[in-house]
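Source file: entry26.txt. Holds: compact mmCIF, C-alpha atoms.
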```
# COMPACT_ATOMS: atom_id res chain seq x y z
CA MET A 1 85.56 68.04 159.79
CA LYS A 2 88.16 65.71 161.28
CA PHE A 3 85.98 62.69 160.44
CA ILE A 4 85.55 63.84 156.83
CA ARG A 5 89.29 64.48 156.49
CA ASP A 6 90.13 61.08 157.96
CA THR A 7 87.57 59.37 155.71
CA MET A 8 89.07 60.99 152.61
CA LEU A 9 92.65 60.20 153.62
CA THR A 10 91.89 56.60 154.59
CA PHE A 11 89.75 55.53 151.65
CA GLY A 12 91.66 57.71 149.21
CA SER A 13 94.82 55.89 150.24
CA VAL A 14 93.25 52.49 149.53
CA SER A 15 92.15 53.75 146.13
CA SER A 16 95.64 55.10 145.43
CA VAL A 17 97.24 51.74 146.25
CA PHE A 18 95.05 50.06 143.64
CA ASP A 19 95.74 52.87 141.17
CA PHE A 20 99.49 52.32 141.58
CA LEU A 21 99.05 48.56 141.21
CA THR A 22 97.15 49.17 137.98
CA PHE A 23 99.83 51.59 136.75
CA GLY A 24 102.49 48.99 137.52
CA VAL A 25 100.66 46.24 135.67
CA LEU A 26 100.07 48.48 132.67
CA LEU A 27 103.60 49.87 132.48
CA TRP A 28 105.82 47.03 133.67
CA ALA A 29 103.87 43.87 132.89
CA PHE A 30 102.40 45.02 129.59
CA GLY A 31 104.72 47.84 128.48
CA ALA A 32 101.50 49.72 127.69
CA SER A 33 101.43 52.26 124.91
CA GLU A 34 99.66 55.53 125.66
CA GLN A 35 96.43 54.16 124.15
CA LEU A 36 96.57 50.86 126.07
CA PHE A 37 97.39 52.68 129.30
CA HIS A 38 94.46 55.04 128.71
CA THR A 39 92.14 52.09 128.02
CA GLY A 40 93.25 50.03 131.01
CA TRP A 41 93.08 52.98 133.34
CA PHE A 42 89.58 53.84 132.10
CA ILE A 43 88.36 50.27 132.72
CA GLU A 44 89.84 50.04 136.22
CA SER A 45 88.86 53.51 137.35
CA ILE A 46 85.22 53.22 136.27
CA ALA A 47 84.89 49.80 137.90
CA THR A 48 86.41 50.82 141.24
CA GLN A 49 84.64 54.18 141.37
CA VAL A 50 81.28 52.51 140.86
CA LEU A 51 82.13 49.89 143.49
CA VAL A 52 83.20 52.47 146.05
CA ILE A 53 79.71 53.99 145.99
CA PHE A 54 78.32 50.74 147.35
CA LEU A 55 81.21 50.10 149.73
CA ILE A 56 81.29 53.36 151.67
CA ARG A 57 77.57 54.15 151.70
CA THR A 58 77.11 52.02 154.80
CA ARG A 59 79.08 51.53 157.98
CA GLY A 60 78.28 47.82 157.88
CA LYS A 61 79.14 45.15 155.39
CA ALA A 62 78.26 46.47 151.94
CA TYR A 63 77.00 43.11 150.70
CA LEU A 64 74.39 43.03 153.49
CA SER A 65 73.00 46.48 152.73
CA ARG A 66 70.68 46.58 149.73
CA PRO A 67 71.06 49.79 147.75
CA HIS A 68 68.11 51.78 146.51
CA PRO A 69 67.03 50.41 143.11
CA LEU A 70 67.72 53.77 141.46
CA LEU A 71 71.30 53.77 142.75
CA ALA A 72 71.80 50.23 141.49
CA ALA A 73 70.26 51.04 138.11
CA THR A 74 72.28 54.21 137.54
CA SER A 75 75.48 52.45 138.60
CA LEU A 76 74.83 49.64 136.13
CA ALA A 77 74.13 52.29 133.48
CA VAL A 78 77.55 53.84 134.12
CA VAL A 79 79.25 50.47 133.71
CA ALA A 80 77.24 49.78 130.55
CA ALA A 81 78.22 53.19 129.17
CA GLU A 82 81.89 52.36 129.85
CA VAL A 83 81.61 49.14 127.89
CA VAL A 84 79.70 50.76 125.03
CA ILE A 85 82.13 53.67 124.78
CA ARG A 86 85.13 51.36 124.81
CA LEU A 87 83.82 48.79 122.34
CA THR A 88 82.26 51.06 119.71
CA PRO A 89 83.76 53.56 117.27
CA LEU A 90 83.27 56.16 120.00
CA GLY A 91 86.07 54.37 121.87
CA GLU A 92 88.44 54.93 118.96
CA TRP A 93 87.56 58.63 119.06
CA PHE A 94 88.65 58.68 122.72
CA GLY A 95 91.85 56.80 121.85
CA PHE A 96 90.87 53.45 123.35
CA VAL A 97 92.23 50.17 122.00
CA VAL A 98 91.22 46.55 122.50
CA PRO A 99 93.20 45.35 125.52
CA PRO A 100 94.81 41.91 125.64
CA LEU A 101 92.70 39.27 127.37
CA MET A 102 95.34 38.74 130.07
CA LEU A 103 95.19 42.46 130.95
CA LEU A 104 91.41 42.21 131.32
CA VAL A 105 91.86 39.20 133.61
CA ILE A 106 94.38 41.04 135.78
CA LEU A 107 92.16 44.15 135.90
CA ALA A 108 89.24 41.93 136.95
CA ILE A 109 91.38 40.44 139.75
CA LEU A 110 92.44 43.90 140.94
CA THR A 111 88.85 45.12 140.77
CA ALA A 112 87.67 42.08 142.78
CA ALA A 113 90.40 42.65 145.38
CA TYR A 114 89.46 46.31 145.79
CA PRO A 115 86.16 45.79 147.66
CA LEU A 116 87.82 43.23 149.92
CA ALA A 117 90.50 45.75 150.86
CA VAL A 118 87.95 48.52 151.38
CA GLU A 119 85.82 46.31 153.64
CA VAL A 120 88.84 45.43 155.81
CA VAL A 121 89.92 49.08 156.03
CA LYS A 122 86.33 50.18 156.66
CA ARG A 123 86.01 47.87 159.69
CA TRP A 124 89.26 49.23 161.11
CA PHE A 125 88.28 52.83 160.33
CA PHE A 126 84.88 52.69 162.01
CA ARG A 127 86.24 50.87 165.07
CA ARG A 128 88.74 53.68 165.41
CA HIS A 129 86.47 56.63 164.62
CA LEU A 130 82.98 55.60 165.65
CA PRO A 131 83.23 53.12 168.49
CA VAL A 132 79.99 51.32 169.30
CA SER A 133 78.49 52.47 172.60
```
Show this structure as structure tokens.
Amino acid sequence: MKFIRDTMLTFGSVSSVFDFLTFGVLLWAFGASEQLFHTGWFIESIATQVLVIFLIRTRGKAYLSRPHPLLAATSLAVVAAEVVIRLTPLGEWFGFVVPPLMLLVILAILTAAYPLAVEVVKRWFFRRHLPVS
């Protein structure tokens, strides 16, 4: 139970840091309306939540561990569904708006930085909690 608690606290904290960075960008850099905030948060959260599946499924480096094809396919389907929902009339029903290009660039940078941070924290975490014999 201690390992599970520590895993949740450690990786949840990394996720929260990126959430707060996204909130800051949306609110302070873009003065986001409710709809833009909702849209930006949806984009970032789907992207990082899909990434985290691949990052924490292995103790080693995620990019060296090939996922099962079904996991990869369903993850890509989730990302595709996010794009379809956001860019079709269904997105309007959910209150999404077209975000400015610069916001998409910044969200892409944050999303790219997220797996780097998780990999660094993961190495530290497993050295601390599961030392190699």
>> Nearest residue to Met8 of chain A out of A:Phe125, A:Phe20, A:Leu76, A:Ser33, using only C-alpha atoms?
In response: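 Counting only C-alpha atoms, the residue closest to Met8 of chain A is A:Phe125.
If all atoms listed in the file are the atoms counted, then among A:Pro115, A:Trp28, A:Val84, A:Pro100 the closest residue to Phe54 of chain A is A:Pro115.
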>> With only C-alpha atoms as the counted atoms, please give the residues lying no more than 12 Å from Ser45 of chain A, apart from itself and same-chain residues fewer than 2 positions off, as an MDAnalysis selection string.
In response: chainID A and resid 15:16 18:23 37:43 47:52 78:79 82 107:108 110:111 114
> Which residue gives the smallest distance to Val120 of chain A among A:Pro89, A:Gly60, A:Pro67, A:Gly95, with only C-alpha atoms counted?
Replying inline: A:Gly60
>> Measuring between all atoms listed in the file, which one of A:Ile106, A:Phe96, A:Ile56, A:Arg123 shows the shortest distance to Leu26 of chain A?
In response: A:Ile106
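Taking atom CA of Phe11 of chain A and atom CA of Ala73 of chain A as endpoints, the distance between them is 24.2 Å.
Between atom CA of Val97 of chain A and atom CA of Ala81 of chain A lies a distance of 16.0 Å.
Counting only C-alpha atoms and comparing A:Leu103, A:Val83, A:Leu64, A:Val14, the residue that lies closest to Gly31 of chain A is A:Leu103.
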> How many Å lie between atom CA of Tyr63 of chain A and atom CA of Ala80 of chain A, rounded to one decimal?
Replying inline: 21.2 Å
>> For a quick check of understanding, using all atoms listed in the file, which of A:Val121, A:Met102, A:Ser75, A:His129 has the smallest distance to Thr10 of chain A?
In response: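 Smallest separation from Thr10 of chain A among the options: A:Val121.
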Quick test: take segment 48-82 of chain A, keep N, CA and C atoms, and write it as a PDB file, in the first residue's frame.
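Below is the file part.pdb, written as the result:
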```pdb
ATOM      1  N   THR A  48      -1.939  14.603 -22.078  1.00  0.00           N
ATOM      2  CA  THR A  48      -1.066  14.119 -21.005  1.00  0.00           C
ATOM      3  C   THR A  48      -1.592  12.825 -20.380  1.00  0.00           C
ATOM      4  N   GLN A  49      -2.903  12.670 -20.315  1.00  0.00           N
ATOM      5  CA  GLN A  49      -3.443  11.430 -19.744  1.00  0.00           C
ATOM      6  C   GLN A  49      -3.174  10.235 -20.644  1.00  0.00           C
ATOM      7  N   VAL A  50      -3.198  10.442 -21.941  1.00  0.00           N
ATOM      8  CA  VAL A  50      -2.849   9.352 -22.854  1.00  0.00           C
ATOM      9  C   VAL A  50      -1.345   9.058 -22.738  1.00  0.00           C
ATOM     10  N   LEU A  51      -0.535  10.086 -22.680  1.00  0.00           N
ATOM     11  CA  LEU A  51       0.906   9.882 -22.549  1.00  0.00           C
ATOM     12  C   LEU A  51       1.276   9.143 -21.274  1.00  0.00           C
ATOM     13  N   VAL A  52       0.622   9.466 -20.183  1.00  0.00           N
ATOM     14  CA  VAL A  52       0.993   8.867 -18.901  1.00  0.00           C
ATOM     15  C   VAL A  52       0.793   7.351 -18.910  1.00  0.00           C
ATOM     16  N   ILE A  53      -0.147   6.876 -19.696  1.00  0.00           N
ATOM     17  CA  ILE A  53      -0.350   5.428 -19.813  1.00  0.00           C
ATOM     18  C   ILE A  53       0.937   4.761 -20.289  1.00  0.00           C
ATOM     19  N   PHE A  54       1.587   5.358 -21.259  1.00  0.00           N
ATOM     20  CA  PHE A  54       2.809   4.777 -21.813  1.00  0.00           C
ATOM     21  C   PHE A  54       4.018   5.018 -20.902  1.00  0.00           C
ATOM     22  N   LEU A  55       3.981   6.093 -20.149  1.00  0.00           N
ATOM     23  CA  LEU A  55       5.129   6.470 -19.330  1.00  0.00           C
ATOM     24  C   LEU A  55       5.252   5.642 -18.059  1.00  0.00           C
ATOM     25  N   ILE A  56       4.139   5.340 -17.419  1.00  0.00           N
ATOM     26  CA  ILE A  56       4.229   4.647 -16.128  1.00  0.00           C
ATOM     27  C   ILE A  56       3.945   3.149 -16.231  1.00  0.00           C
ATOM     28  N   ARG A  57       3.741   2.641 -17.427  1.00  0.00           N
ATOM     29  CA  ARG A  57       3.462   1.219 -17.571  1.00  0.00           C
ATOM     30  C   ARG A  57       4.723   0.369 -17.475  1.00  0.00           C
ATOM     31  N   THR A  58       5.867   0.990 -17.484  1.00  0.00           N
ATOM     32  CA  THR A  58       7.127   0.269 -17.386  1.00  0.00           C
ATOM     33  C   THR A  58       8.068   0.999 -16.438  1.00  0.00           C
ATOM     34  N   ARG A  59       8.865   0.218 -15.734  1.00  0.00           N
ATOM     35  CA  ARG A  59       9.854   0.806 -14.838  1.00  0.00           C
ATOM     36  C   ARG A  59      10.992   1.438 -15.631  1.00  0.00           C
ATOM     37  N   GLY A  60      11.241   0.918 -16.810  1.00  0.00           N
ATOM     38  CA  GLY A  60      12.333   1.412 -17.649  1.00  0.00           C
ATOM     39  C   GLY A  60      11.918   2.628 -18.460  1.00  0.00           C
ATOM     40  N   LYS A  61      12.752   2.932 -19.423  1.00  0.00           N
ATOM     41  CA  LYS A  61      12.489   4.064 -20.301  1.00  0.00           C
ATOM     42  C   LYS A  61      11.303   3.726 -21.206  1.00  0.00           C
ATOM     43  N   ALA A  62      10.299   4.564 -21.176  1.00  0.00           N
ATOM     44  CA  ALA A  62       9.057   4.283 -21.907  1.00  0.00           C
ATOM     45  C   ALA A  62       9.300   4.132 -23.405  1.00  0.00           C
ATOM     46  N   TYR A  63      10.216   4.908 -23.953  1.00  0.00           N
ATOM     47  CA  TYR A  63      10.444   4.856 -25.392  1.00  0.00           C
ATOM     48  C   TYR A  63      11.147   3.574 -25.831  1.00  0.00           C
ATOM     49  N   LEU A  64      11.674   2.801 -24.886  1.00  0.00           N
ATOM     50  CA  LEU A  64      12.312   1.527 -25.224  1.00  0.00           C
ATOM     51  C   LEU A  64      11.372   0.341 -25.057  1.00  0.00           C
ATOM     52  N   SER A  65      10.221   0.572 -24.485  1.00  0.00           N
ATOM     53  CA  SER A  65       9.263  -0.501 -24.216  1.00  0.00           C
ATOM     54  C   SER A  65       8.081  -0.395 -25.168  1.00  0.00           C
ATOM     55  N   ARG A  66       7.999  -1.308 -26.087  1.00  0.00           N
ATOM     56  CA  ARG A  66       6.914  -1.272 -27.086  1.00  0.00           C
ATOM     57  C   ARG A  66       5.602  -1.678 -26.424  1.00  0.00           C
ATOM     58  N   PRO A  67       4.580  -0.861 -26.573  1.00  0.00           N
ATOM     59  CA  PRO A  67       3.279  -1.220 -26.001  1.00  0.00           C
ATOM     60  C   PRO A  67       2.578  -2.280 -26.861  1.00  0.00           C
ATOM     61  N   HIS A  68       1.639  -2.938 -26.254  1.00  0.00           N
ATOM     62  CA  HIS A  68       0.818  -3.881 -27.007  1.00  0.00           C
ATOM     63  C   HIS A  68       0.093  -3.096 -28.102  1.00  0.00           C
ATOM     64  N   PRO A  69      -0.046  -3.654 -29.288  1.00  0.00           N
ATOM     65  CA  PRO A  69      -0.711  -2.940 -30.383  1.00  0.00           C
ATOM     66  C   PRO A  69      -2.122  -2.464 -30.032  1.00  0.00           C
ATOM     67  N   LEU A  70      -2.843  -3.229 -29.230  1.00  0.00           N
ATOM     68  CA  LEU A  70      -4.191  -2.818 -28.855  1.00  0.00           C
ATOM     69  C   LEU A  70      -4.155  -1.570 -27.967  1.00  0.00           C
ATOM     70  N   LEU A  71      -3.188  -1.505 -27.057  1.00  0.00           N
ATOM     71  CA  LEU A  71      -3.041  -0.306 -26.225  1.00  0.00           C
ATOM     72  C   LEU A  71      -2.710   0.898 -27.099  1.00  0.00           C
ATOM     73  N   ALA A  72      -1.796   0.721 -28.018  1.00  0.00           N
ATOM     74  CA  ALA A  72      -1.426   1.824 -28.912  1.00  0.00           C
ATOM     75  C   ALA A  72      -2.617   2.265 -29.753  1.00  0.00           C
ATOM     76  N   ALA A  73      -3.354   1.307 -30.292  1.00  0.00           N
ATOM     77  CA  ALA A  73      -4.503   1.633 -31.149  1.00  0.00           C
ATOM     78  C   ALA A  73      -5.602   2.343 -30.373  1.00  0.00           C
ATOM     79  N   THR A  74      -5.925   1.862 -29.186  1.00  0.00           N
ATOM     80  CA  THR A  74      -6.995   2.509 -28.414  1.00  0.00           C
ATOM     81  C   THR A  74      -6.569   3.893 -27.942  1.00  0.00           C
ATOM     82  N   SER A  75      -5.303   4.060 -27.637  1.00  0.00           N
ATOM     83  CA  SER A  75      -4.801   5.380 -27.236  1.00  0.00           C
ATOM     84  C   SER A  75      -4.883   6.368 -28.391  1.00  0.00           C
ATOM     85  N   LEU A  76      -4.504   5.924 -29.577  1.00  0.00           N
ATOM     86  CA  LEU A  76      -4.631   6.787 -30.756  1.00  0.00           C
ATOM     87  C   LEU A  76      -6.098   7.104 -31.041  1.00  0.00           C
ATOM     88  N   ALA A  77      -6.975   6.152 -30.780  1.00  0.00           N
ATOM     89  CA  ALA A  77      -8.412   6.389 -30.978  1.00  0.00           C
ATOM     90  C   ALA A  77      -8.923   7.466 -30.024  1.00  0.00           C
ATOM     91  N   VAL A  78      -8.419   7.477 -28.792  1.00  0.00           N
ATOM     92  CA  VAL A  78      -8.824   8.505 -27.833  1.00  0.00           C
ATOM     93  C   VAL A  78      -8.372   9.878 -28.318  1.00  0.00           C
ATOM     94  N   VAL A  79      -7.143   9.971 -28.787  1.00  0.00           N
ATOM     95  CA  VAL A  79      -6.634  11.249 -29.293  1.00  0.00           C
ATOM     96  C   VAL A  79      -7.432  11.683 -30.526  1.00  0.00           C
ATOM     97  N   ALA A  80      -7.724  10.744 -31.408  1.00  0.00           N
ATOM     98  CA  ALA A  80      -8.529  11.069 -32.597  1.00  0.00           C
ATOM     99  C   ALA A  80      -9.922  11.545 -32.185  1.00  0.00           C
ATOM    100  N   ALA A  81     -10.512  10.898 -31.194  1.00  0.00           N
ATOM    101  CA  ALA A  81     -11.836  11.318 -30.717  1.00  0.00           C
ATOM    102  C   ALA A  81     -11.778  12.737 -30.156  1.00  0.00           C
ATOM    103  N   GLU A  82     -10.696  13.063 -29.458  1.00  0.00           N
ATOM    104  CA  GLU A  82     -10.537  14.426 -28.923  1.00  0.00           C
ATOM    105  C   GLU A  82     -10.533  15.435 -30.053  1.00  0.00           C
TER     106      GLU A  82
END
```
